[in-house]
Structure formats: structure tokens, C-alpha cells
Protein chains: 2
Amino acid sequence: MNLTIAEENYIKAIFHLQQAEGNVSTNQLAASMHTKPASVTDMLKKLTNKSLLEYEPYQGVRLGKEGKKQALSIVRKHRLWEFFLVDKLQFGWDEVHEVAEELEHISSKKLVDKLDAFLGFPKFDPHGDPIPDMNGNMVSIRQFNLIDVKQKTLVEVCSVGSQSAELLELLRHKNIVIGTQLQIVRKFDFDHSVEINIENKPTITISQQLAQALFVKLV
Amino acid sequence: MNLTIAEENYIKAIFHLQQAEGNVSTNQLAASMHTKPASVTDMLKKLTNKSLLEYEPYQGVRLGKEGKKQALSIVRKHRLWEFFLVDKLQFGWDEVHEVAEELEHISSKKLVDKLDAFLGFPKFDPHGDPIPDMNGNMVSIRQFNLIDVKQKTLVEVCSVGSQSAELLELLRHKNIVIGTQLQIVRKFDFDHSVEINIENKPTITISQQLAQALFVKLV
DNA sequence: TAAATTATTTAGATTTGTCTAAAAATAATT
DNA sequence: AATTATTTTTAGACAAATCTAAATAATTTA
Ligand SMILES: [Mn+2]
Ligand SMILES: [Mn+2]
Ligand SMILES: [Mn+2]
Ligand SMILES: [Mn+2]
């Protein structure tokens with residue numbers, strides 16, 4: 001099962017999109033891949049022929065068994081390389097995504113497994129996302145979207161919703177990193193902004209958009 | 001100057017071929033790329049348009065200034081990654097070439113320079129070939145082809161002519177590695193085989209083909 | 001439920017990198 | 001120098017991945 005880089009990127013995008021919703025629509029996929037719906041349809045047919053997808057025209061798509069396996073392998077590579085870049089090469093956690101986007105397509109399985117061992121079998125990447133092991137298993141900690149957490153609950157930031165440079169810039173400015181512990185002080189119904197308190201720091205307010213981009217776990 | 005993977009592979013092949021001879025012929029290039037002469041001609045036109053080559057139809061090709069710069073960058077990446085695989089991930093030196101063939105196309109310059117620092121700015125790759133630095137400079141030790149060395153001269157193996165699995169298998173069997181010191185005992189005119197003596201070991205005979213694949217320096 | 005809107009697919013074109021077969025240029029032999 | 005052999009280029013085709021524009025299906029609205 002040799003996939004091209006383009007095919008791998010589609011598989012990975014479907015994997016991420018179907019976490020949230022069940023079937024992934026052509027338009028969703030086109031938006032996420034920065035491409036046109038017509039191109040998506042072409043690729044869906046191709047990947048269906050390779051029996052990686054379950055695809056019914058007009059009904060959206062989801063990964064089949066083999067597709068899921070491939071997706072986990074790509075995600076594993078992506079996150080291991082991100083860990084390598086931050087842990088060994090002193091990259092900032094906000095500058096590794098683009099590079100990992102290329103490195104994830106290096107095919108050697110031996111390389112990935114040796115890299116994993118070299119890094120000490122890390123369980124999470126620099127953004128708090130779990131790293132699948134050799135068999136595609138990953139720890140699934142109960143994660144909550146910050147917007148859904150109720151007042152006063154003490155939580156710890158464990159991942160972010162995207163790796164966009166804009167988000168990471170804002171997080172840096174607000175002094176929020178993976179591991180930051182905080183409490184929701186108050187929620188404003190008007191704009192759904194959220195007042196939060198980070199330990200030993202003055203209370204600040206963050207927007208609905210930012211709160212939705214933060215995933216936390218109970219401490 | 002963004003090059004595709006195919007373009008980079010051509011640039012690198014031309015670089016290696018023109019070390020030996022001046023102008024590189026279409027057929028040489030086709031053989032080395034495992035492709036057809038017609039495909040080579042197409043690519044030469046394309047790369048000439050990007051002003052990376054000096055190419056005169058029917059007269060062969062050589063790298064222009066910009067092409068040489070690109071080639072050195074690719075070679076640098078290839079050899080640094082090979083060093084990484086052997087030194088950090090415990091790969092054998094005879095199994096890194098294929099993987100580096102993919103890794104050399106990762107584009108981030110920051111990645112390469114940080115990798116270089118992480119590895120301690122190595123000067124040679126696992127096959128004894130010099131690694132260009134950030135500015136494209138590399139140490140050039142006087143290397144000789146073993147077949148050209150005269151009797152009795154004590155030399156040290158410092159690089160091999162190719163990375164083919166077949167060659168590396170043979171070297172392993174003969175117990176020859178980078179750094180092995182040896183003397184030529186005798187040359188046979190009939191088949192150009194060479195009798196060599198490795199320190200503290202019984203004298204052995206190697207074929208013309210193998211002797212031509214070994215590069216040595218005076219000790 | 002009929003019309004309007006939105007989502008998706010098809011049709012046809014383009015770019016990249018490759019191929020085979022045929023033509024043209026160069027080099028080697030008589 | 002003429003012929004033969006080799007090398008190289010051109011011509012035309014193809015698969016992969018993309019696009020735009022047009023057609024069709026599904027959904028929403030009135
Ligand atoms: Mn990618
Ligand atoms: Mn990540
Ligand atoms: Mn390569
Ligand atoms: Mn090498």
C-alpha cells in the first residue's frame with residue numbers, strides 16, 4: 001500500500017475531521033485542504049478504489065479500516081517529528097508544524113520506530129496531542145473544550161485546537177502554554193467571552209474563539 | 001528558487017557525475033537516474049530555463065553557479081541525515097542511503113542548520129564523504145582510487161564509490177570499513193585484481209571492481 | 001410542494017514528470 | 001569521404017493532481 005504525499009494528506013485530513021463529526025463532507029475537506037471541491041471528489045474516488053475509504057456519492061466519506069491504519073501511521077510520524085524538533089533541536093513549539101508536515105511523509109518504518117526509541121517513547125507531542133504507538137494505540141485522556149468547562153473548576157491546558165501561527169501568537173501573548181493551570185471565573189453571555197484566572201496571576205478575559213481552541217483536563 | 005523533488009534529484013546527479021568528467025552527457029544522466037534519455041532532455045530544458053544549468057544541445061551539461069549552490073545544499077542535507085541515522089538512531093552505515101534519499105528533500109533551512117549543530121558539526125558522513133557547511137564549503141582531503149595506488153604504500157579507506165547494497169554487503173564480508181588501514185601487496189595484470197594486506201590480518205585478494213569502488217588517503 | 005439555494009459531481013483543460021517510437025545530429029569505422 | 005553506429009532530441013501519449021465552468025443532486029425556504 002504505497003501512498004503519494006497528496007493521498008496521505010487527504011487521509012490525514014479525513015481522520016482529523018471525522019473525530020468531530022461522523023461523515024466528512026466534500027466541502028469540509030476542500031476547505032481543510034485549501035483546495036476545490038471538484039479536486040476532492042476526484043481524490044475520494046481514487047482512494048475508494050484503493051479501498052481506504054467508505055464513500056457514497058453525495059453522502060460524504062469516512063475512513064475504512066485500512067485508511068484508519070494509514071492515518072494513524074501518518075499522525076504518529078507527524079507528532080514524533082514535532083517532539084524531536086522541540087526536544088532535541090530546540091525549536092519553539094509554535095514553529096514545528098510546517099516542518100513536520102513534510103517529515104511525516106518519510107516512508108521508512110524502521111526510521112520511525114528507531115526515532116520513537118531515541119526520543120524515549122513520548123506519549124504526547126509538543127501541542128499536547130497523544131502520539132500513537134507502533135500498533136496505532138494512543139492514550140486517550142478525557143479532554144474538554146475550555147468553553148464547556150463550568151465555573152470554578154480547576155483545569156490544565158493539555159492541547160490546542162489548531163497549530164495556526166495566529167493562534168500560537170495569541171497564546172504566547174496571553175502566557176498560556178501546555179500545562180498552564182487555570183480556573184474559569186465567569187462567562188459572559190453577550191459575546192461568550194470567558195474570564196479566567198491563571199495561578200498567581202491577575203484575572204484576564206479571553207474570547208469565545210480562543211476558549212474554543214483550548215482543550216483542558218481536570219487536575 | 002523552489003525545486004521539486006525530481007528537479008533536486010537531477011541537480012544532485014549532475015553534481016556527482018561532473019566531479020569525474022567535465023560535461024555530463026544525456027545518456028550518463030539517464031543511466032544514473034534510472035530513466036530514459038528523452039526524459040533527461042526534457043528536464044535539462046526545464047532546469048536551463050530556471051538558469052541552474054549550462055546546457056548546449058548535443059554537447060552535454062554542467063551546473064551553473066546557482067545549480068552548484070543548490071546541489072551543495074542537497075548533498076549537505078543528505079550527508080547530515082546519514083550521519084544522524086548512524087550516530088543517533090543506530091542505523092548501520094550500509095542501510096542509511098535510501099532513507100537519506102528522501103530526507104534530503106525536506107526544505108527547512110532552519111532544520112538543517114539546527115540538525116548540524118545537534119550533531120556537533122560533523123565533517124564526514126558515515127561513508128567518509130565530506131559534509132558541506134552552511135556556506136557550501138567542505139574539507140577536500142586528497143583521495144585516491146585504490147586501483148591507482150602503488151605497491152607497499154600504506155593507505156586508509158576514507159570513502160566508497162557507491163552506496164549500493166551489493167557493494168556494502170561485500171565490504172562487510174571482507175571486513176573493510178571506513179578507517180581500515182591497508183597496503184597493496186601485489187597487482188595481477190590478468191584480471192586487475194589486487195592483493196591487499198589489512199593490519200594484523202591474513203592477506204586477501206579483491207577484484208578490480210571492488211578496488212575501483214574504494215577511495216583511500218595516505219596515512 | 002414548488003422554487004431557490006447550496007453541495008457535489010462531471011466535463012474538459014493544465015502542469016509535471018515520465019514513457020515509446022521516430023527523426024536528427026554526432027561519432028566511429030571502413 | 002562515405003557508411004554505419006551511437007547519442008541525443010523531437011513528437012506524441014499517458015498518469016497524477018490540480019483547476020474552472022457547467023450540470024446535477026440534495027437541502028432549505030417560502
Ligand atoms: Mn503533510
Ligand atoms: Mn502537533
Ligand atoms: Mn533524493
Ligand atoms: Mn553517504
# chains A, B, ... in the order shown; residues from 1 in each chain; ligands from 1
$ interface_residues --of "chain D" --to "chain B" --cutoff "9 Å" --atoms "only C-alpha atoms (C1' of nucleotides)" --output "list in words"
DT7, DT8, DT9 and DT10 of chain D
$ write_last_selection --atoms "N, CA and C atoms (P, O5', C5', C4', C3', O3' and C1' of nucleotides)" --output "compact mmCIF listing (two decimals), in the first residue's frame"
# COMPACT_ATOMS: atom_id res chain seq x y z
P DT D 7 26.32 5.31 -27.13
O5' DT D 7 25.79 6.81 -27.32
C5' DT D 7 26.69 7.79 -27.82
C4' DT D 7 25.91 9.07 -28.07
C3' DT D 7 24.98 9.47 -26.91
O3' DT D 7 25.36 10.77 -26.52
C1' DT D 7 23.83 9.56 -29.00
P DT D 8 24.64 11.54 -25.29
O5' DT D 8 23.46 12.30 -26.04
C5' DT D 8 23.80 13.27 -27.02
C4' DT D 8 22.53 13.76 -27.69
C3' DT D 8 21.46 14.25 -26.71
O3' DT D 8 21.35 15.65 -26.87
C1' DT D 8 20.54 12.95 -28.49
P DT D 9 20.26 16.51 -26.04
O5' DT D 9 19.06 16.58 -27.10
C5' DT D 9 19.32 17.13 -28.39
C4' DT D 9 18.10 16.94 -29.28
C3' DT D 9 16.82 17.56 -28.74
O3' DT D 9 16.34 18.48 -29.70
C1' DT D 9 16.44 15.34 -29.49
P DT D 10 15.01 19.34 -29.40
O5' DT D 10 13.86 18.49 -30.11
C5' DT D 10 13.81 18.47 -31.53
C4' DT D 10 12.70 17.55 -31.98
C3' DT D 10 11.29 18.00 -31.60
O3' DT D 10 10.51 17.99 -32.78
C1' DT D 10 11.61 15.74 -31.04
$ residues_near_ligand --ligand "ligand 1" --cutoff "9 Å" --atoms "only C-alpha atoms (C1' of nucleotides) and all ligand atoms" --output "ChimeraX atom specification"
/A:5-6,8-10,12,74,78,98-105
$ closest_residue --among "A:Glu195, A:Asp129, A:Glu66, A:Glu156" --to "ligand 2" --atoms "only C-alpha atoms and all ligand atoms"
A:Asp129
$ atom_distance --atom1 "CA of Leu17 (chain B)" --atom2 "C1' of DA24 (chain C)"
26.4 Å
$ residues_near_ligand --ligand "ligand 4" --cutoff "9 Å" --atoms "only C-alpha atoms (C1' of nucleotides) and all ligand atoms" --output "ChimeraX atom specification"
/B:75,78-80,82-83,93,96-97,100,124-130,159-160,162-163
$ interface_residues --of "chain A" --to "chain B" --cutoff "9 Å" --atoms "only C-alpha atoms" --output "PyMOL selection string"
chain A and resi 85+88-91+98-99+102-103+106-108+111+114-115+117-118
$ atom_distance --atom1 "CA of Ile184 (chain B)" --atom2 "CA of Cys158 (chain B)"
15.6 Å
$ interface_residues --of "chain C" --to "chain B" --cutoff "9 Å" --atoms "only C-alpha atoms (C1' of nucleotides)" --output "list of chain:residue names"
C:DG17, C:DT18, C:DC19, C:DA25, C:DT26
$ write_last_selection --atoms "N, CA and C atoms (P, O5', C5', C4', C3', O3' and C1' of nucleotides)" --output "CSV table (one decimal), in the first residue's frame"
chain,number,residue,atom,x,y,z
C,17,DG,P,8.5,18.3,-12.1
C,17,DG,O5',8.6,16.8,-12.7
C,17,DG,C5',8.0,15.8,-11.9
C,17,DG,C4',7.8,14.6,-12.8
C,17,DG,C3',9.1,14.1,-13.6
C,17,DG,O3',9.5,12.8,-13.1
C,17,DG,C1',7.2,14.1,-15.0
C,18,DT,P,10.8,12.2,-13.5
C,18,DT,O5',10.4,11.2,-14.7
C,18,DT,C5',9.7,10.0,-14.4
C,18,DT,C4',8.8,9.6,-15.6
C,18,DT,C3',9.5,9.0,-16.8
C,18,DT,O3',10.0,7.7,-16.5
C,18,DT,C1',7.5,10.2,-17.4
C,19,DC,P,10.9,7.0,-17.5
C,19,DC,O5',10.0,6.5,-18.7
C,19,DC,C5',9.0,5.6,-18.5
C,19,DC,C4',8.1,5.5,-19.8
C,19,DC,C3',8.9,5.1,-21.0
C,19,DC,O3',8.8,3.7,-21.2
C,19,DC,C1',7.4,6.9,-21.5
C,25,DA,P,19.6,18.0,-37.9
C,25,DA,O5',20.9,17.6,-36.9
C,25,DA,C5',20.8,17.9,-35.5
C,25,DA,C4',21.9,17.1,-34.8
C,25,DA,C3',23.3,17.4,-35.3
C,25,DA,O3',24.0,17.9,-34.2
C,25,DA,C1',22.9,15.1,-35.1
C,26,DT,P,25.5,18.4,-34.4
C,26,DT,O5',26.4,17.1,-34.0
C,26,DT,C5',26.2,16.6,-32.7
C,26,DT,C4',26.9,15.3,-32.5
C,26,DT,C3',28.4,15.3,-32.9
C,26,DT,O3',29.1,15.0,-31.7
C,26,DT,C1',27.3,13.4,-33.8
$ select_by_dssp --residues "region 91-163 of chain A" --states "alpha helix (DSSP H)" --output "short mmCIF file (atom, residue, chain, number, x, y, z; two decimals) with N, CA, C and O atoms, in the first residue's frame"
data_model
loop_
_atom_site.label_atom_id
_atom_site.label_comp_id
_atom_site.auth_asym_id
_atom_site.auth_seq_id
_atom_site.Cartn_x
_atom_site.Cartn_y
_atom_site.Cartn_z
N HIS A 97 5.12 22.81 13.25
CA HIS A 97 4.06 22.15 12.48
C HIS A 97 4.38 22.04 11.00
O HIS A 97 4.24 20.96 10.40
N GLU A 98 4.82 23.13 10.40
CA GLU A 98 5.10 23.13 8.95
C GLU A 98 6.16 22.10 8.58
O GLU A 98 6.04 21.38 7.59
N VAL A 99 7.21 22.06 9.38
CA VAL A 99 8.30 21.12 9.09
C VAL A 99 7.81 19.68 9.22
O VAL A 99 8.09 18.83 8.38
N ALA A 100 7.04 19.42 10.29
CA ALA A 100 6.52 18.06 10.49
C ALA A 100 5.57 17.67 9.36
O ALA A 100 5.44 16.49 9.03
N GLU A 101 4.94 18.68 8.76
CA GLU A 101 4.02 18.43 7.65
C GLU A 101 4.77 17.78 6.48
O GLU A 101 4.19 17.01 5.72
N GLU A 102 6.06 18.08 6.37
CA GLU A 102 6.88 17.42 5.35
C GLU A 102 7.47 16.11 5.87
O GLU A 102 7.44 15.08 5.19
N LEU A 103 8.00 16.14 7.08
CA LEU A 103 8.68 14.95 7.61
C LEU A 103 7.75 13.75 7.76
O LEU A 103 8.17 12.60 7.67
N LYS A 109 9.59 2.74 7.89
CA LYS A 109 9.01 2.39 9.18
C LYS A 109 10.09 2.21 10.24
O LYS A 109 9.93 2.58 11.40
N LYS A 110 11.21 1.67 9.78
CA LYS A 110 12.33 1.47 10.70
C LYS A 110 12.78 2.81 11.30
O LYS A 110 13.07 2.91 12.49
N LEU A 111 12.80 3.83 10.44
CA LEU A 111 13.19 5.16 10.90
C LEU A 111 12.27 5.63 12.01
O LEU A 111 12.72 6.11 13.06
N VAL A 112 10.98 5.49 11.80
CA VAL A 112 10.01 5.99 12.78
C VAL A 112 10.17 5.27 14.11
O VAL A 112 10.19 5.90 15.18
N ASP A 113 10.30 3.97 14.05
CA ASP A 113 10.38 3.21 15.30
C ASP A 113 11.69 3.48 16.04
O ASP A 113 11.71 3.56 17.27
N LYS A 114 12.77 3.67 15.27
CA LYS A 114 14.04 3.99 15.93
C LYS A 114 13.99 5.41 16.52
O LYS A 114 14.54 5.67 17.58
N LEU A 115 13.32 6.30 15.79
CA LEU A 115 13.17 7.67 16.30
C LEU A 115 12.38 7.64 17.61
O LEU A 115 12.75 8.29 18.60
N ASP A 116 11.32 6.88 17.62
CA ASP A 116 10.47 6.73 18.80
C ASP A 116 11.33 6.31 20.00
O ASP A 116 11.27 6.91 21.08
N ALA A 117 12.14 5.28 19.79
CA ALA A 117 13.01 4.79 20.87
C ALA A 117 14.00 5.86 21.30
O ALA A 117 14.20 6.10 22.50
N PHE A 118 14.60 6.52 20.30
CA PHE A 118 15.59 7.57 20.59
C PHE A 118 14.99 8.68 21.46
O PHE A 118 15.64 9.24 22.34
N LEU A 119 13.72 8.97 21.22
CA LEU A 119 13.05 10.05 21.96
C LEU A 119 12.52 9.57 23.31
O LEU A 119 12.03 10.37 24.10
#
$ residues_around --residues "Leu182 (chain A)" --least-positions-apart "6" --cutoff "9 Å" --atoms "only C-alpha atoms (C1' of nucleotides)" --output "list in words"
Thr153, Leu154, Val155, Glu156, Val157, Ile196, Asn197, Ile198 and Glu199 of chain A
$ decode --residues "chain D" --atoms "N, CA, C and O atoms (P, O5', C5', C4', C3', O3' and C1' of nucleotides)" --output "tab-separated table (two decimals), in the first residue's frame"
chain	number	residue	atom	x	y	z
D	1	DA	P	37.02	14.50	-47.04
D	1	DA	O5'	36.53	13.14	-47.69
D	1	DA	C5'	36.50	12.93	-49.09
D	1	DA	C4'	35.56	11.78	-49.34
D	1	DA	C3'	34.09	12.11	-49.11
D	1	DA	O3'	33.34	11.30	-49.98
D	1	DA	C1'	34.76	10.50	-47.53
D	2	DA	P	31.77	11.51	-50.20
D	2	DA	O5'	31.28	10.08	-49.70
D	2	DA	C5'	31.86	8.91	-50.29
D	2	DA	C4'	31.38	7.70	-49.50
D	2	DA	C3'	29.88	7.68	-49.21
D	2	DA	O3'	29.40	6.36	-49.47
D	2	DA	C1'	31.09	7.52	-47.19
D	3	DT	P	27.83	5.98	-49.32
D	3	DT	O5'	27.86	5.06	-48.02
D	3	DT	C5'	28.82	3.98	-47.95
D	3	DT	C4'	28.84	3.43	-46.53
D	3	DT	C3'	27.46	3.13	-45.94
D	3	DT	O3'	27.45	1.76	-45.56
D	3	DT	C1'	28.80	4.36	-44.41
D	4	DT	P	26.15	1.06	-44.90
D	4	DT	O5'	26.53	1.05	-43.34
D	4	DT	C5'	27.81	0.57	-42.93
D	4	DT	C4'	27.96	0.80	-41.43
D	4	DT	C3'	26.71	0.43	-40.61
D	4	DT	O3'	27.12	-0.43	-39.57
D	4	DT	C1'	27.49	2.60	-40.05
D	5	DA	P	26.11	-1.02	-38.47
D	5	DA	O5'	26.44	-0.10	-37.21
D	5	DA	C5'	27.80	0.03	-36.77
D	5	DA	C4'	27.85	1.00	-35.60
D	5	DA	C3'	26.77	0.76	-34.53
D	5	DA	O3'	27.41	0.77	-33.27
D	5	DA	C1'	26.68	3.01	-35.28
D	6	DT	P	26.59	0.53	-31.89
D	6	DT	O5'	26.50	2.00	-31.30
D	6	DT	C5'	27.70	2.77	-31.16
D	6	DT	C4'	27.33	4.19	-30.76
D	6	DT	C3'	26.36	4.28	-29.57
D	6	DT	O3'	27.00	5.05	-28.58
D	6	DT	C1'	25.70	5.72	-31.34
D	7	DT	P	26.32	5.31	-27.13
D	7	DT	O5'	25.79	6.81	-27.32
D	7	DT	C5'	26.69	7.79	-27.82
D	7	DT	C4'	25.91	9.07	-28.07
D	7	DT	C3'	24.98	9.47	-26.91
D	7	DT	O3'	25.36	10.77	-26.52
D	7	DT	C1'	23.83	9.56	-29.00
D	8	DT	P	24.64	11.54	-25.29
D	8	DT	O5'	23.46	12.30	-26.04
D	8	DT	C5'	23.80	13.27	-27.02
D	8	DT	C4'	22.53	13.76	-27.69
D	8	DT	C3'	21.46	14.25	-26.71
D	8	DT	O3'	21.35	15.65	-26.87
D	8	DT	C1'	20.54	12.95	-28.49
D	9	DT	P	20.26	16.51	-26.04
D	9	DT	O5'	19.06	16.58	-27.10
D	9	DT	C5'	19.32	17.13	-28.39
D	9	DT	C4'	18.10	16.94	-29.28
D	9	DT	C3'	16.82	17.56	-28.74
D	9	DT	O3'	16.34	18.48	-29.70
D	9	DT	C1'	16.44	15.34	-29.49
D	10	DT	P	15.01	19.34	-29.40
D	10	DT	O5'	13.86	18.49	-30.11
D	10	DT	C5'	13.81	18.47	-31.53
D	10	DT	C4'	12.70	17.55	-31.98
D	10	DT	C3'	11.29	18.00	-31.60
D	10	DT	O3'	10.51	17.99	-32.78
D	10	DT	C1'	11.61	15.74	-31.04
D	11	DA	P	9.12	18.73	-32.82
D	11	DA	O5'	8.08	17.53	-32.95
D	11	DA	C5'	8.47	16.29	-33.58
D	11	DA	C4'	7.37	15.25	-33.40
D	11	DA	C3'	6.03	15.80	-32.92
D	11	DA	O3'	4.99	15.10	-33.58
D	11	DA	C1'	6.83	14.22	-31.37
D	12	DG	P	3.44	15.53	-33.34
D	12	DG	O5'	2.90	14.36	-32.40
D	12	DG	C5'	3.17	12.99	-32.74
D	12	DG	C4'	2.73	12.11	-31.59
D	12	DG	C3'	1.43	12.57	-30.92
D	12	DG	O3'	0.64	11.43	-30.62
D	12	DG	C1'	3.09	12.37	-29.32
D	13	DA	P	-0.87	11.57	-30.02
D	13	DA	O5'	-0.79	10.63	-28.73
D	13	DA	C5'	-0.01	9.43	-28.78
D	13	DA	C4'	0.20	8.91	-27.36
D	13	DA	C3'	-1.00	9.09	-26.43
D	13	DA	O3'	-1.33	7.85	-25.85
D	13	DA	C1'	0.99	9.90	-25.42
D	14	DC	P	-2.61	7.68	-24.92
D	14	DC	O5'	-1.99	7.68	-23.44
D	14	DC	C5'	-0.93	6.79	-23.12
D	14	DC	C4'	-0.53	7.01	-21.67
D	14	DC	C3'	-1.73	7.28	-20.75
D	14	DC	O3'	-1.62	6.48	-19.59
D	14	DC	C1'	-0.12	8.98	-20.50
D	15	DA	P	-2.96	6.23	-18.70
D	15	DA	O5'	-2.43	6.59	-17.24
D	15	DA	C5'	-1.23	6.00	-16.76
D	15	DA	C4'	-0.75	6.79	-15.55
D	15	DA	C3'	-1.83	7.07	-14.51
D	15	DA	O3'	-1.26	6.99	-13.22
D	15	DA	C1'	-0.99	9.12	-15.33
D	16	DA	P	-2.25	7.17	-11.94
D	16	DA	O5'	-1.82	8.57	-11.34
D	16	DA	C5'	-0.47	8.77	-10.94
D	16	DA	C4'	-0.31	10.21	-10.46
D	16	DA	C3'	-1.37	10.66	-9.46
D	16	DA	O3'	-0.71	11.28	-8.37
D	16	DA	C1'	-1.29	12.15	-11.31
D	17	DA	P	-1.54	11.53	-7.01
D	17	DA	O5'	-1.98	13.06	-7.10
D	17	DA	C5'	-0.97	14.06	-7.19
D	17	DA	C4'	-1.60	15.35	-7.66
D	17	DA	C3'	-2.86	15.76	-6.90
D	17	DA	O3'	-2.63	17.00	-6.26
D	17	DA	C1'	-3.09	16.07	-9.23
D	18	DT	P	-3.69	17.59	-5.20
D	18	DT	O5'	-4.45	18.71	-6.08
D	18	DT	C5'	-3.80	19.92	-6.35
D	18	DT	C4'	-4.22	20.48	-7.68
D	18	DT	C3'	-5.56	21.18	-7.74
D	18	DT	O3'	-5.54	22.41	-7.10
D	18	DT	C1'	-4.99	20.08	-9.80
D	19	DC	P	-6.87	23.15	-6.68
D	19	DC	O5'	-7.38	23.83	-8.05
D	19	DC	C5'	-6.52	24.72	-8.73
D	19	DC	C4'	-7.10	25.01	-10.11
D	19	DC	C3'	-8.54	25.50	-10.07
D	19	DC	O3'	-8.56	26.92	-10.12
D	19	DC	C1'	-8.25	23.80	-11.75
D	20	DT	P	-10.01	27.68	-9.90
D	20	DT	O5'	-10.77	27.63	-11.30
D	20	DT	C5'	-10.10	28.02	-12.50
D	20	DT	C4'	-11.08	27.95	-13.66
D	20	DT	C3'	-12.44	28.60	-13.38
D	20	DT	O3'	-12.89	29.24	-14.57
D	20	DT	C1'	-12.75	26.30	-13.86
D	21	DA	P	-14.23	30.15	-14.56
D	21	DA	O5'	-15.28	29.22	-15.32
D	21	DA	C5'	-14.84	28.42	-16.41
D	21	DA	C4'	-15.98	27.56	-16.92
D	21	DA	C3'	-17.39	28.13	-16.69
D	21	DA	O3'	-18.19	27.81	-17.82
D	21	DA	C1'	-17.21	26.05	-15.60
D	22	DA	P	-19.78	28.18	-17.85
D	22	DA	O5'	-20.49	26.75	-17.76
D	22	DA	C5'	-20.03	25.70	-18.62
D	22	DA	C4'	-20.77	24.42	-18.27
D	22	DA	C3'	-22.28	24.59	-18.09
D	22	DA	O3'	-22.94	23.56	-18.81
D	22	DA	C1'	-21.33	23.58	-16.16
D	23	DA	P	-24.54	23.31	-18.64
D	23	DA	O5'	-24.64	22.02	-17.70
D	23	DA	C5'	-24.06	20.79	-18.14
D	23	DA	C4'	-24.31	19.74	-17.08
D	23	DA	C3'	-25.77	19.48	-16.76
D	23	DA	O3'	-25.95	18.08	-16.62
D	23	DA	C1'	-24.62	20.05	-14.80
D	24	DT	P	-27.45	17.45	-16.52
D	24	DT	O5'	-27.56	16.95	-15.03
D	24	DT	C5'	-26.56	16.05	-14.53
D	24	DT	C4'	-26.63	16.07	-13.02
D	24	DT	C3'	-28.03	15.81	-12.44
D	24	DT	O3'	-27.90	14.74	-11.55
D	24	DT	C1'	-26.98	17.55	-11.32
D	25	DA	P	-29.20	13.81	-11.13
D	25	DA	O5'	-29.09	13.74	-9.55
D	25	DA	C5'	-27.82	13.48	-8.96
D	25	DA	C4'	-27.78	14.12	-7.60
D	25	DA	C3'	-29.01	13.85	-6.74
D	25	DA	O3'	-28.53	13.24	-5.57
D	25	DA	C1'	-28.45	16.16	-6.71
D	26	DA	P	-29.52	12.75	-4.38
D	26	DA	O5'	-29.49	13.98	-3.39
D	26	DA	C5'	-28.23	14.38	-2.84
D	26	DA	C4'	-28.44	15.54	-1.89
D	26	DA	C3'	-29.59	15.34	-0.90
D	26	DA	O3'	-29.03	15.58	0.37
D	26	DA	C1'	-29.82	17.43	-2.04
D	27	DT	P	-29.93	15.57	1.71
D	27	DT	O5'	-30.22	17.13	1.93
D	27	DT	C5'	-29.13	18.04	1.88
D	27	DT	C4'	-29.65	19.46	2.04
D	27	DT	C3'	-30.69	19.63	3.15
D	27	DT	O3'	-30.22	20.69	3.96
D	27	DT	C1'	-31.46	20.64	1.14
D	28	DT	P	-31.00	21.07	5.35
D	28	DT	O5'	-31.64	22.48	4.96
D	28	DT	C5'	-30.82	23.41	4.25
D	28	DT	C4'	-31.68	24.56	3.74
D	28	DT	C3'	-32.68	25.10	4.76
D	28	DT	O3'	-32.43	26.49	4.85
D	28	DT	C1'	-33.73	24.69	2.65
D	29	DT	P	-33.27	27.45	5.85
D	29	DT	O5'	-34.35	28.07	4.84
D	29	DT	C5'	-33.88	28.56	3.59
D	29	DT	C4'	-35.03	29.16	2.81
D	29	DT	C3'	-36.09	29.85	3.67
D	29	DT	O3'	-36.37	31.10	3.07
D	29	DT	C1'	-37.10	28.22	2.27
D	30	DA	P	-37.47	32.12	3.70
D	30	DA	O5'	-38.67	32.03	2.69
D	30	DA	C5'	-38.38	32.07	1.27
D	30	DA	C4'	-39.67	31.81	0.52
D	30	DA	C3'	-40.91	32.53	1.06
D	30	DA	O3'	-41.69	32.99	-0.02
D	30	DA	C1'	-41.30	30.21	1.11
